[in-house]
$ cat final32.cif   # mmCIF, C-alpha atoms and all ligand atoms
data_entry
#
loop_
_atom_site.label_atom_id
_atom_site.label_comp_id
_atom_site.auth_asym_id
_atom_site.auth_seq_id
_atom_site.Cartn_x
_atom_site.Cartn_y
_atom_site.Cartn_z
CA MET A 229 21.67 10.02 18.26
CA ASN A 230 23.94 12.56 16.65
CA ARG A 231 22.37 13.48 13.34
CA THR A 232 25.59 14.84 11.90
CA THR A 233 27.04 11.33 11.83
CA LEU A 234 24.27 10.20 9.52
CA ASN A 235 23.81 10.97 5.87
CA LEU A 236 20.14 12.11 5.82
CA PRO A 237 18.44 14.17 3.10
CA LYS A 238 17.26 17.63 4.21
CA ALA A 239 13.64 16.79 3.38
CA VAL A 240 13.54 14.22 6.19
CA SER A 241 12.89 15.25 9.80
CA PHE A 242 12.19 13.31 12.99
CA ASP A 243 11.50 16.39 15.13
CA THR A 244 8.46 15.94 17.35
CA LEU A 245 5.62 18.44 17.55
CA GLU A 246 2.32 18.46 19.40
CA LEU A 247 -0.87 19.40 17.59
CA PRO A 248 -3.23 19.72 20.57
CA GLU A 249 -6.17 21.09 18.59
CA GLN A 250 -6.13 18.65 15.73
CA ASN A 251 -8.75 15.90 15.77
CA CYS A 252 -7.99 12.30 14.91
CA PRO A 253 -9.90 11.36 11.72
CA ASN A 254 -10.13 7.78 12.98
CA CYS A 255 -11.61 8.27 16.49
CA SER A 256 -12.34 12.04 16.76
CA SER A 257 -10.12 12.47 19.88
CA GLU A 258 -8.32 15.78 20.18
CA GLY A 259 -4.55 15.98 19.97
CA LEU A 260 -2.01 14.43 17.59
CA LEU A 261 1.72 13.99 18.02
CA VAL A 262 3.96 14.58 14.99
CA PHE A 263 7.08 12.37 14.79
CA TYR A 264 8.12 12.20 11.13
CA ARG A 265 8.19 14.66 8.24
CA LEU A 266 9.03 14.15 4.63
CA ASP A 267 8.89 17.10 2.24
CA ASP A 268 8.55 17.32 -1.50
CA ILE A 269 7.27 13.89 -2.47
CA PRO A 270 5.07 13.16 -5.52
CA PHE A 271 1.32 13.09 -4.97
CA HIS A 272 1.08 9.83 -6.86
CA SER A 273 3.25 6.76 -6.83
CA CYS A 274 1.23 4.43 -9.09
CA LEU A 275 0.76 6.89 -11.91
CA LEU A 276 3.74 6.71 -14.24
CA MET A 277 4.77 9.47 -16.62
CA PHE A 278 5.43 9.39 -20.36
CA ASN A 279 8.81 11.16 -20.22
CA LYS A 280 11.52 12.18 -17.78
CA ASP A 281 10.74 15.87 -17.86
CA GLU A 282 7.09 15.31 -17.01
CA ALA A 283 8.13 12.87 -14.27
CA LEU A 284 10.54 15.36 -12.65
CA LYS A 285 7.94 18.13 -12.76
CA TYR A 286 5.20 15.94 -11.29
CA PRO A 287 3.32 17.85 -8.52
CA LYS A 288 4.62 17.20 -5.05
CA GLY A 289 3.35 17.58 -1.51
CA ASN A 290 4.50 17.07 2.06
CA LEU A 291 3.94 14.31 4.55
CA GLN A 292 3.73 14.76 8.30
CA PHE A 293 2.92 11.78 10.47
CA GLY A 294 0.44 12.66 13.24
CA PHE A 295 -0.07 9.93 15.82
CA CYS A 296 -3.25 9.66 17.88
CA PRO A 297 -2.40 8.38 21.38
CA SER A 298 -6.06 7.42 21.95
CA CYS A 299 -6.63 4.96 19.09
CA GLY A 300 -3.11 4.48 17.69
CA PHE A 301 -3.97 5.81 14.23
CA ILE A 302 -1.35 7.59 12.13
CA THR A 303 -2.43 10.17 9.58
CA ASN A 304 -0.63 12.51 7.20
CA THR A 305 -1.69 15.81 8.72
CA ARG A 306 -0.46 17.69 5.65
CA PHE A 307 -2.45 15.60 3.21
CA GLU A 308 -4.39 17.66 0.67
CA PRO A 309 -7.55 15.89 -0.41
CA GLY A 310 -8.39 16.20 -4.06
CA VAL A 311 -4.86 16.15 -5.48
CA HIS A 312 -5.15 12.55 -6.62
CA ASN A 313 -6.11 11.32 -10.02
CA TYR A 314 -7.28 7.73 -9.76
CA SER A 315 -7.99 7.40 -13.47
CA ALA A 316 -7.57 4.56 -15.94
CA ASP A 317 -3.85 5.48 -16.10
CA TYR A 318 -3.47 4.44 -12.47
CA GLU A 319 -1.38 1.27 -12.53
CA GLU A 320 -1.61 -0.42 -9.14
CA THR A 321 -1.88 -4.06 -10.14
CA GLN A 322 0.48 -6.63 -8.66
CA GLY A 323 -1.18 -9.32 -10.77
CA PHE A 324 1.90 -9.88 -12.95
CA SER A 325 3.76 -11.47 -10.06
CA GLU A 326 3.32 -15.22 -9.57
CA CYS A 327 4.14 -14.81 -5.89
CA PHE A 328 1.41 -12.21 -5.41
CA ASN A 329 -1.08 -14.23 -7.47
CA ALA A 330 -0.43 -17.33 -5.36
CA PHE A 331 -1.12 -15.28 -2.22
CA ALA A 332 -4.32 -13.77 -3.69
CA LYS A 333 -5.56 -17.19 -4.76
CA SER A 334 -4.94 -18.85 -1.41
CA LEU A 335 -6.52 -15.89 0.41
CA ALA A 336 -9.61 -15.97 -1.83
CA GLN A 337 -9.98 -19.73 -1.37
CA ARG A 338 -9.55 -19.44 2.40
CA ILE A 339 -12.24 -16.74 2.68
CA ILE A 340 -14.60 -18.63 0.37
CA ASP A 341 -14.21 -21.86 2.37
CA LYS A 342 -14.38 -20.28 5.82
CA TYR A 343 -17.51 -18.22 5.12
CA ASP A 344 -19.02 -20.49 2.44
CA ILE A 345 -19.10 -17.75 -0.18
CA ARG A 346 -20.68 -19.66 -3.04
CA ASP A 347 -23.45 -18.46 -5.36
CA LYS A 348 -23.34 -15.14 -3.50
CA THR A 349 -22.99 -11.48 -4.51
CA ILE A 350 -19.68 -9.79 -3.72
CA LEU A 351 -19.23 -6.02 -3.85
CA GLU A 352 -15.63 -4.85 -4.02
CA ILE A 353 -14.85 -1.22 -3.15
CA GLY A 354 -11.63 -0.14 -4.88
CA CYS A 355 -11.39 -3.24 -7.06
CA GLY A 356 -8.54 -1.87 -9.23
CA LYS A 357 -8.33 -3.88 -12.44
CA GLY A 358 -10.73 -6.43 -10.92
CA GLU A 359 -8.44 -9.46 -10.67
CA PHE A 360 -9.30 -10.37 -7.07
CA LEU A 361 -13.04 -9.95 -7.56
CA ALA A 362 -12.85 -12.11 -10.68
CA LEU A 363 -10.97 -14.73 -8.68
CA MET A 364 -13.61 -14.75 -5.92
CA CYS A 365 -16.35 -15.09 -8.57
CA ARG A 366 -14.53 -17.84 -10.45
CA LEU A 367 -13.59 -19.92 -7.41
CA GLY A 368 -17.02 -19.71 -5.74
CA ASN A 369 -19.35 -19.28 -8.73
CA ASN A 370 -20.25 -15.86 -7.33
CA ARG A 371 -21.63 -12.67 -8.81
CA GLY A 372 -19.46 -9.57 -8.49
CA ILE A 373 -19.84 -5.81 -8.54
CA GLY A 374 -16.57 -3.90 -8.68
CA ILE A 375 -16.33 -0.17 -8.01
CA ASP A 376 -13.15 1.71 -8.91
CA PRO A 377 -12.42 4.87 -10.90
CA ALA A 378 -9.22 3.22 -12.19
CA TYR A 379 -10.94 0.19 -13.68
CA VAL A 380 -10.03 -0.36 -17.35
CA PRO A 381 -12.67 -2.22 -19.41
CA GLU A 382 -10.14 -3.36 -22.03
CA ARG A 383 -8.35 -5.33 -19.33
CA ASN A 384 -11.37 -7.37 -18.35
CA PRO A 385 -10.25 -10.19 -16.06
CA ASP A 386 -11.26 -13.82 -16.57
CA VAL A 387 -14.57 -14.48 -14.77
CA THR A 388 -15.21 -18.03 -16.03
CA GLY A 389 -18.23 -19.43 -14.20
CA GLY A 390 -19.11 -16.22 -12.38
CA LYS A 391 -20.75 -12.95 -13.34
CA ILE A 392 -19.35 -9.52 -12.79
CA GLU A 393 -20.09 -5.87 -13.50
CA PHE A 394 -17.83 -2.87 -13.01
CA ILE A 395 -18.63 0.72 -12.08
CA ARG A 396 -15.96 3.33 -12.78
CA ASP A 397 -16.44 5.56 -9.75
CA PHE A 398 -15.59 6.09 -6.08
CA TYR A 399 -17.81 4.29 -3.57
CA SER A 400 -20.37 6.53 -1.84
CA GLU A 401 -23.91 6.62 -0.41
CA LYS A 402 -25.28 6.60 -3.93
CA TYR A 403 -24.41 2.89 -4.14
CA ALA A 404 -26.39 1.99 -1.00
CA HIS A 405 -28.96 0.21 -3.19
CA LEU A 406 -26.38 -2.38 -4.29
CA LYS A 407 -27.16 -5.36 -2.08
CA ALA A 408 -24.29 -7.73 -1.47
CA ASP A 409 -23.62 -10.75 0.74
CA VAL A 410 -19.95 -9.81 0.98
CA ILE A 411 -18.31 -6.38 0.88
CA CYS A 412 -14.64 -6.52 0.14
CA CYS A 413 -12.15 -3.63 0.29
CA ARG A 414 -8.48 -4.36 -0.30
CA HIS A 415 -5.63 -1.82 -0.22
CA THR A 416 -8.03 1.11 -0.37
CA LEU A 417 -8.71 2.35 3.18
CA GLU A 418 -5.11 3.57 3.51
CA HIS A 419 -5.82 6.01 0.62
CA ILE A 420 -8.80 7.53 2.43
CA ALA A 421 -8.14 10.37 4.91
CA PRO A 422 -11.50 10.62 6.77
CA THR A 423 -11.49 6.95 7.77
CA GLN A 424 -14.23 7.17 10.41
CA GLN A 425 -16.53 9.04 8.04
CA PHE A 426 -15.94 6.41 5.35
CA MET A 427 -16.64 3.46 7.65
CA LYS A 428 -19.76 5.12 9.07
CA THR A 429 -21.04 5.65 5.52
CA LEU A 430 -20.34 2.01 4.75
CA ARG A 431 -22.18 0.90 7.88
CA GLN A 432 -25.17 3.09 6.98
CA THR A 433 -25.39 1.73 3.46
CA ILE A 434 -25.52 -1.83 4.83
CA GLY A 435 -28.51 -0.90 6.99
CA ASP A 436 -30.14 -3.89 8.67
CA ARG A 437 -28.52 -6.52 6.45
CA LYS A 438 -26.56 -7.77 9.45
CA ASP A 439 -25.32 -10.99 7.83
CA THR A 440 -23.21 -9.01 5.34
CA LEU A 441 -19.60 -10.18 5.61
CA ILE A 442 -17.02 -7.39 5.51
CA PHE A 443 -13.51 -8.22 4.38
CA PHE A 444 -10.67 -5.67 4.46
CA GLU A 445 -6.97 -5.96 3.63
CA LEU A 446 -4.37 -3.21 4.10
CA PRO A 447 -0.73 -2.68 5.14
CA ASP A 448 0.29 -2.97 8.79
CA VAL A 449 2.19 0.09 10.03
CA MET A 450 3.62 -1.63 13.12
CA ARG A 451 6.08 -3.50 10.90
CA VAL A 452 6.88 -0.31 8.93
CA LEU A 453 7.74 1.55 12.15
CA GLY A 454 9.67 -1.33 13.70
CA ASP A 455 11.73 -1.88 10.55
CA GLY A 456 12.17 1.84 9.83
CA ALA A 457 10.76 0.91 6.42
CA PHE A 458 10.76 4.37 4.83
CA TRP A 459 9.97 2.76 1.42
CA ASP A 460 6.49 1.99 2.76
CA ILE A 461 5.68 5.64 3.54
CA TYR A 462 4.39 7.78 0.68
CA TYR A 463 1.86 10.46 -0.17
CA GLU A 464 -0.82 8.22 -1.65
CA HIS A 465 -1.16 6.51 1.71
CA CYS A 466 -2.58 9.12 4.04
CA SER A 467 -3.85 6.63 6.67
CA TYR A 468 -1.68 4.09 8.50
CA PHE A 469 -3.13 1.34 10.67
CA THR A 470 -2.08 -1.22 13.21
CA ALA A 471 -4.35 -4.16 14.07
CA GLY A 472 -5.55 -2.20 17.10
CA SER A 473 -6.34 1.11 15.39
CA LEU A 474 -8.15 -0.74 12.61
CA ALA A 475 -10.19 -2.79 15.06
CA ARG A 476 -11.05 0.29 17.15
CA LEU A 477 -12.28 2.05 13.99
CA PHE A 478 -14.50 -0.89 13.04
CA ARG A 479 -15.96 -1.19 16.53
CA THR A 480 -16.64 2.56 16.75
CA CYS A 481 -18.46 2.43 13.43
CA GLY A 482 -20.76 -0.42 14.42
CA PHE A 483 -19.01 -3.61 13.33
CA ASP A 484 -18.12 -6.81 15.18
CA ILE A 485 -14.76 -8.25 14.27
CA ASP A 486 -14.76 -11.92 13.35
CA ASP A 487 -11.07 -12.35 12.57
CA LEU A 488 -7.99 -10.13 12.40
CA TYR A 489 -4.50 -11.34 11.54
CA LEU A 490 -1.31 -10.58 9.62
CA ASP A 491 -0.49 -12.22 6.30
CA TYR A 492 1.89 -11.88 3.33
CA ASP A 493 5.00 -12.29 5.41
CA GLY A 494 3.52 -10.08 8.14
CA GLN A 495 3.02 -7.13 5.77
CA TYR A 496 -0.78 -7.04 5.47
CA LEU A 497 -3.62 -6.88 7.97
CA ILE A 498 -6.58 -9.08 7.08
CA LEU A 499 -9.86 -8.31 8.82
CA THR A 500 -13.29 -9.92 8.57
CA ALA A 501 -16.28 -8.39 10.34
CA TYR A 502 -20.08 -8.24 10.46
CA PRO A 503 -22.39 -5.37 11.33
CA ALA A 504 -22.68 -5.47 15.14
CA GLN A 505 -25.86 -6.97 16.56
CA SER A 506 -26.31 -4.76 19.61
CA GLN A 507 -23.07 -4.29 21.53
CA THR A 508 -19.79 -5.09 19.81
CA ASN A 509 -18.05 -8.30 20.84
CA MET A 510 -14.93 -8.65 23.00
CA GLY A 511 -11.61 -7.39 21.69
CA LEU A 512 -9.03 -9.83 20.32
CA ASP A 513 -5.51 -10.07 21.78
CA ILE A 514 -3.98 -8.66 18.59
CA GLU A 515 -5.88 -5.38 19.20
CA ASN A 516 -4.03 -4.63 22.43
CA ASP A 517 -1.09 -2.99 20.74
CA LEU A 518 -0.93 0.59 22.07
CA GLU A 519 2.07 -0.07 24.31
CA GLN A 520 3.98 -1.80 21.52
CA LEU A 521 3.03 1.03 19.17
CA ASN A 522 4.29 3.71 21.56
CA THR A 523 7.64 1.91 21.77
CA ALA A 524 7.80 1.50 17.98
CA ILE A 525 7.20 5.25 17.52
CA LYS A 526 9.90 6.12 20.07
CA GLU A 527 12.37 3.85 18.25
CA PHE A 528 11.32 4.91 14.75
CA LYS A 529 13.75 7.84 14.54
CA GLU A 530 16.71 5.57 15.24
CA ASN A 531 15.51 2.71 13.02
CA CYS A 532 14.41 4.81 10.09
CA SER A 533 17.37 7.20 10.00
CA ARG A 534 19.80 4.27 10.10
CA ARG A 535 17.96 2.63 7.20
CA ILE A 536 18.03 5.85 5.16
CA ASP A 537 21.71 6.32 5.89
CA TYR A 538 22.47 2.68 5.04
CA TRP A 539 20.74 2.69 1.64
CA ARG A 540 22.13 6.08 0.63
CA GLY A 541 25.54 4.69 1.53
CA ILE A 542 25.06 1.56 -0.58
CA VAL A 543 24.01 3.52 -3.66
CA GLU A 544 26.58 6.29 -3.29
CA GLN A 545 29.46 3.88 -2.74
CA ALA A 546 28.45 1.76 -5.72
CA THR A 547 28.14 4.73 -8.05
CA ARG A 548 31.48 6.15 -6.81
CA GLN A 549 33.06 2.87 -7.86
CA GLY A 550 31.45 3.17 -11.30
CA GLN A 551 28.95 0.40 -10.62
CA ARG A 552 25.44 0.37 -12.04
CA VAL A 553 22.54 0.12 -9.63
CA VAL A 554 18.90 -0.51 -10.57
CA ILE A 555 15.72 -0.76 -8.53
CA TRP A 556 13.38 -3.73 -9.03
CA GLY A 557 9.75 -2.67 -8.52
CA SER A 558 8.34 0.59 -9.92
CA GLY A 559 5.33 0.69 -7.61
CA SER A 560 4.84 2.86 -4.56
CA LYS A 561 7.74 1.32 -2.63
CA GLY A 562 10.14 2.11 -5.49
CA VAL A 563 8.90 5.70 -5.70
CA ALA A 564 9.14 6.12 -1.90
CA PHE A 565 12.66 4.61 -1.83
CA LEU A 566 13.95 6.96 -4.54
CA THR A 567 12.16 10.11 -3.38
CA THR A 568 13.00 9.69 0.32
CA LEU A 569 16.66 9.08 -0.47
CA LYS A 570 16.56 11.88 -3.09
CA LEU A 571 18.16 9.60 -5.65
CA ASP A 572 17.84 10.66 -9.25
CA ASN A 573 21.09 10.71 -11.20
CA GLN A 574 22.70 7.82 -9.34
CA ILE A 575 20.08 5.36 -10.57
CA GLU A 576 19.06 5.33 -14.22
CA TYR A 577 16.47 2.56 -14.42
CA THR A 578 13.75 0.77 -12.52
CA VAL A 579 12.78 -2.78 -13.49
CA ASP A 580 9.17 -3.95 -13.56
CA ILE A 581 7.52 -7.09 -14.93
CA ASN A 582 4.24 -5.22 -15.60
CA PRO A 583 4.33 -4.44 -19.36
CA TYR A 584 1.94 -1.50 -18.86
CA LYS A 585 4.63 0.25 -16.82
CA GLN A 586 7.61 -0.38 -19.07
CA GLY A 587 8.81 2.65 -21.04
CA ARG A 588 7.19 5.04 -18.57
CA ASN A 589 8.99 7.17 -15.95
CA MET A 590 8.93 7.25 -12.16
CA PRO A 591 7.13 10.32 -10.74
CA GLY A 592 9.43 12.66 -8.83
CA THR A 593 12.79 11.16 -9.74
CA GLY A 594 12.30 10.30 -13.44
CA GLN A 595 13.93 6.85 -13.81
CA GLN A 596 12.72 4.96 -16.85
CA VAL A 597 10.92 1.68 -16.22
CA ILE A 598 12.42 -1.23 -18.13
CA SER A 599 11.68 -4.92 -18.60
CA PRO A 600 13.90 -7.58 -16.95
CA LYS A 601 15.15 -8.46 -20.43
CA PHE A 602 16.71 -5.01 -20.86
CA LEU A 603 19.07 -5.81 -17.98
CA LYS A 604 20.97 -8.17 -20.30
CA GLN A 605 22.36 -5.21 -22.23
CA TYR A 606 22.48 -2.80 -19.27
CA ALA A 607 24.39 -5.30 -17.07
CA PRO A 608 23.78 -3.83 -13.61
CA ASP A 609 26.13 -4.64 -10.72
CA LYS A 610 23.47 -4.28 -8.03
CA ILE A 611 19.72 -4.79 -8.07
CA ILE A 612 17.78 -3.42 -5.10
CA VAL A 613 14.52 -5.30 -4.67
CA MET A 614 11.65 -3.28 -3.21
CA ASN A 615 10.02 -6.20 -1.42
CA PRO A 616 12.04 -9.17 -0.11
CA ILE A 617 9.07 -11.48 -0.70
CA TYR A 618 9.79 -11.32 -4.45
CA CYS A 619 13.51 -12.20 -4.21
CA ARG A 620 13.08 -15.84 -5.19
CA GLU A 621 10.88 -15.01 -8.16
CA ILE A 622 13.36 -12.32 -9.28
CA GLN A 623 16.42 -14.54 -8.87
CA GLU A 624 14.74 -17.22 -11.02
CA GLU A 625 14.07 -14.62 -13.72
CA LEU A 626 17.69 -13.41 -13.59
CA ASP A 627 18.94 -17.01 -13.85
CA ARG A 628 16.68 -17.60 -16.85
CA LEU A 629 18.13 -14.51 -18.53
CA ASN A 630 21.67 -15.40 -17.39
CA ILE A 631 22.17 -12.06 -15.65
CA LYS A 632 24.72 -11.92 -12.85
CA ALA A 633 24.20 -9.13 -10.35
CA ASP A 634 24.11 -8.69 -6.57
CA LEU A 635 20.53 -8.94 -5.41
CA LEU A 636 19.84 -6.79 -2.34
CA ALA A 637 16.41 -6.45 -0.78
CA VAL A 638 15.11 -3.64 1.37
CA SER A 639 14.50 -4.85 4.91
ZN ZN A 701 -7.59 8.33 17.14
#

$ encode --input "final32.cif" --output "structure tokens"
Amino acid sequence: MNRTTLNLPKAVSFDTLELPEQNCPNCSSEGLLVFYRLDDIPFHSCLLMFNKDEALKYPKGNLQFGFCPSCGFITNTRFEPGVHNYSADYEETQGFSECFNAFAKSLAQRIIDKYDIRDKTILEIGCGKGEFLALMCRLGNNRGIGIDPAYVPERNPDVTGGKIEFIRDFYSEKYAHLKADVICCRHTLEHIAPTQQFMKTLRQTIGDRKDTLIFFELPDVMRVLGDGAFWDIYYEHCSYFTAGSLARLFRTCGFDIDDLYLDYDGQYLILTAYPAQSQTNMGLDIENDLEQLNTAIKEFKENCSRRIDYWRGIVEQATRQGQRVVIWGSGSKGVAFLTTLKLDNQIEYTVDINPYKQGRNMPGTGQQVISPKFLKQYAPDKIIVMNPIYCREIQEELDRLNIKADLLAVS
């Protein structure tokens, strides 16, 4: 492909590079292959700023995708541990979306029914604001222990019928004494760089309690690579999994996989496992993905650069014609979309239904976050939705507010 025909920001590179001496943090094999670089992106994408100046000056780092041919894991080899601030200001919740809540509720019910999680103790590592744990406790009359440095006591979720306690901290060996029937970890492992070390610690803390159910949920990178979905690649996520690389990690660290599948329109990997009895059980078909992954990585340059070029084109053409463009979704995907495309002046606002985000500014590019209602006076011509799964919910909101605009979704 001739790069000069495409409109790509300088910070993006698809040049390949071998790192023969670098070990894979997921399987310890030597040798990683770099295939994507993205410079100058904000360390955080869920931490919003109080003003534009602070947002533009927000500390930035670089991302470099290193692929491990042995286990299929992808890691940001330029990730600097310790730059993150997962404090009470961290605003990761998706709990203001009806669509997301419906998914969380059906997932919780499914897990409760399948594994008969009733009158049990559930430990959630990285519980965020605690909504999912509260749901599991409410639906199954369970007891919960949530661990997360970003938990906010004032936003206590409804735990009718269950019992729950929260610990504002990162999970570590010091919580080995907390005995649980279920250990749940959703959208957290992708923020942890030494994945094998983390899973080995978890396995050690479980000890001989071999009937402990383990339940993980995290994004699937196969879809991100295949779609060239650059809006799903950002600094906060330093670890990127396919079904296979996730399963290989679990097996290496002494777990047997009970179930592994994709959900949420194919975006998330859902895994349930138990500590392995002696030898780990047979692999599932979904784990045999190394060949497909190699192809996806080879095609990523083409897919991703075309997507970047396409969306820059859409925004630049609209603004040239004097049209107003807004982004819907101020979370990580919104930050990644704006920072990868290097869009700042062309887009003034980002819409979000989470009231805790409104009035704040997007790290890196500075757009102010506004409520859907504000669009009535701003009258945008185009709204770019950061996840197509929310299009219906958003269109209904626009109809309620009588706002006419073109709705485009990243895909
Ligand atoms: Zn590996």

$ residues_around --input "final32.cif" --residues "Lys570 in chain A" --least-positions-apart "2" --cutoff "8 Å" --atoms "all atoms listed in the file" --output "ChimeraX atom specification"
/A:237,566-568,572,593

$ atom_distance --input "final32.cif" --atom1 "CA of Tyr399 in chain A" --atom2 "CA of Gly435 in chain A"
15.9 Å

$ residues_near_ligand --input "final32.cif" --ligand "ligand ZN 701 (chain A)" --cutoff "12 Å" --atoms "only C-alpha atoms and all ligand atoms" --output "count of residues only"
37

$ residues_around --input "final32.cif" --residues "range 619-626 of chain A" --least-positions-apart "5" --cutoff "8 Å" --atoms "only C-alpha atoms" --output "JSON, numbers by chain"
{"A": [326, 327, 600, 613, 631, 632, 635, 637]}

$ residues_near_point --input "final32.cif" --point "(-0.7, 17.3, 8.4)" --cutoff "8 Å" --atoms "only C-alpha atoms" --output "compact mmCIF listing (two decimals) with C-alpha atoms, in the frame of the given file"
# COMPACT_ATOMS: atom_id res chain seq x y z
CA LEU A 291 3.94 14.31 4.55
CA GLN A 292 3.73 14.76 8.30
CA PHE A 293 2.92 11.78 10.47
CA GLY A 294 0.44 12.66 13.24
CA THR A 303 -2.43 10.17 9.58
CA ASN A 304 -0.63 12.51 7.20
CA THR A 305 -1.69 15.81 8.72
CA ARG A 306 -0.46 17.69 5.65
CA PHE A 307 -2.45 15.60 3.21

$ closest_residue --input "final32.cif" --among "A:Ile575, A:Leu453, A:Ile442, A:Ile581" --to "Pro608 in chain A" --atoms "all atoms listed in the file"
A:Ile575

$ closest_residue --input "final32.cif" --among "A:Trp539, A:Tyr492, A:Phe271, A:Phe478" --to "Leu335 in chain A" --atoms "only C-alpha atoms"
A:Tyr492

$ atom_distance --input "final32.cif" --atom1 "CA of Ile375 in chain A" --atom2 "CA of Lys288 in chain A"
27.4 Å

$ closest_residue --input "final32.cif" --among "A:Cys412, A:Gly310, A:Leu499, A:Glu393" --to "Phe360 in chain A" --atoms "only C-alpha atoms"
A:Cys412

$ atom_distance --input "final32.cif" --atom1 "CA of Lys438 in chain A" --atom2 "CA of Tyr343 in chain A"
14.5 Å

$ closest_residue --input "final32.cif" --among "A:Gly372, A:Gly494, A:Pro447, A:Gly592" --to "Ile345 in chain A" --atoms "only C-alpha atoms"
A:Gly372
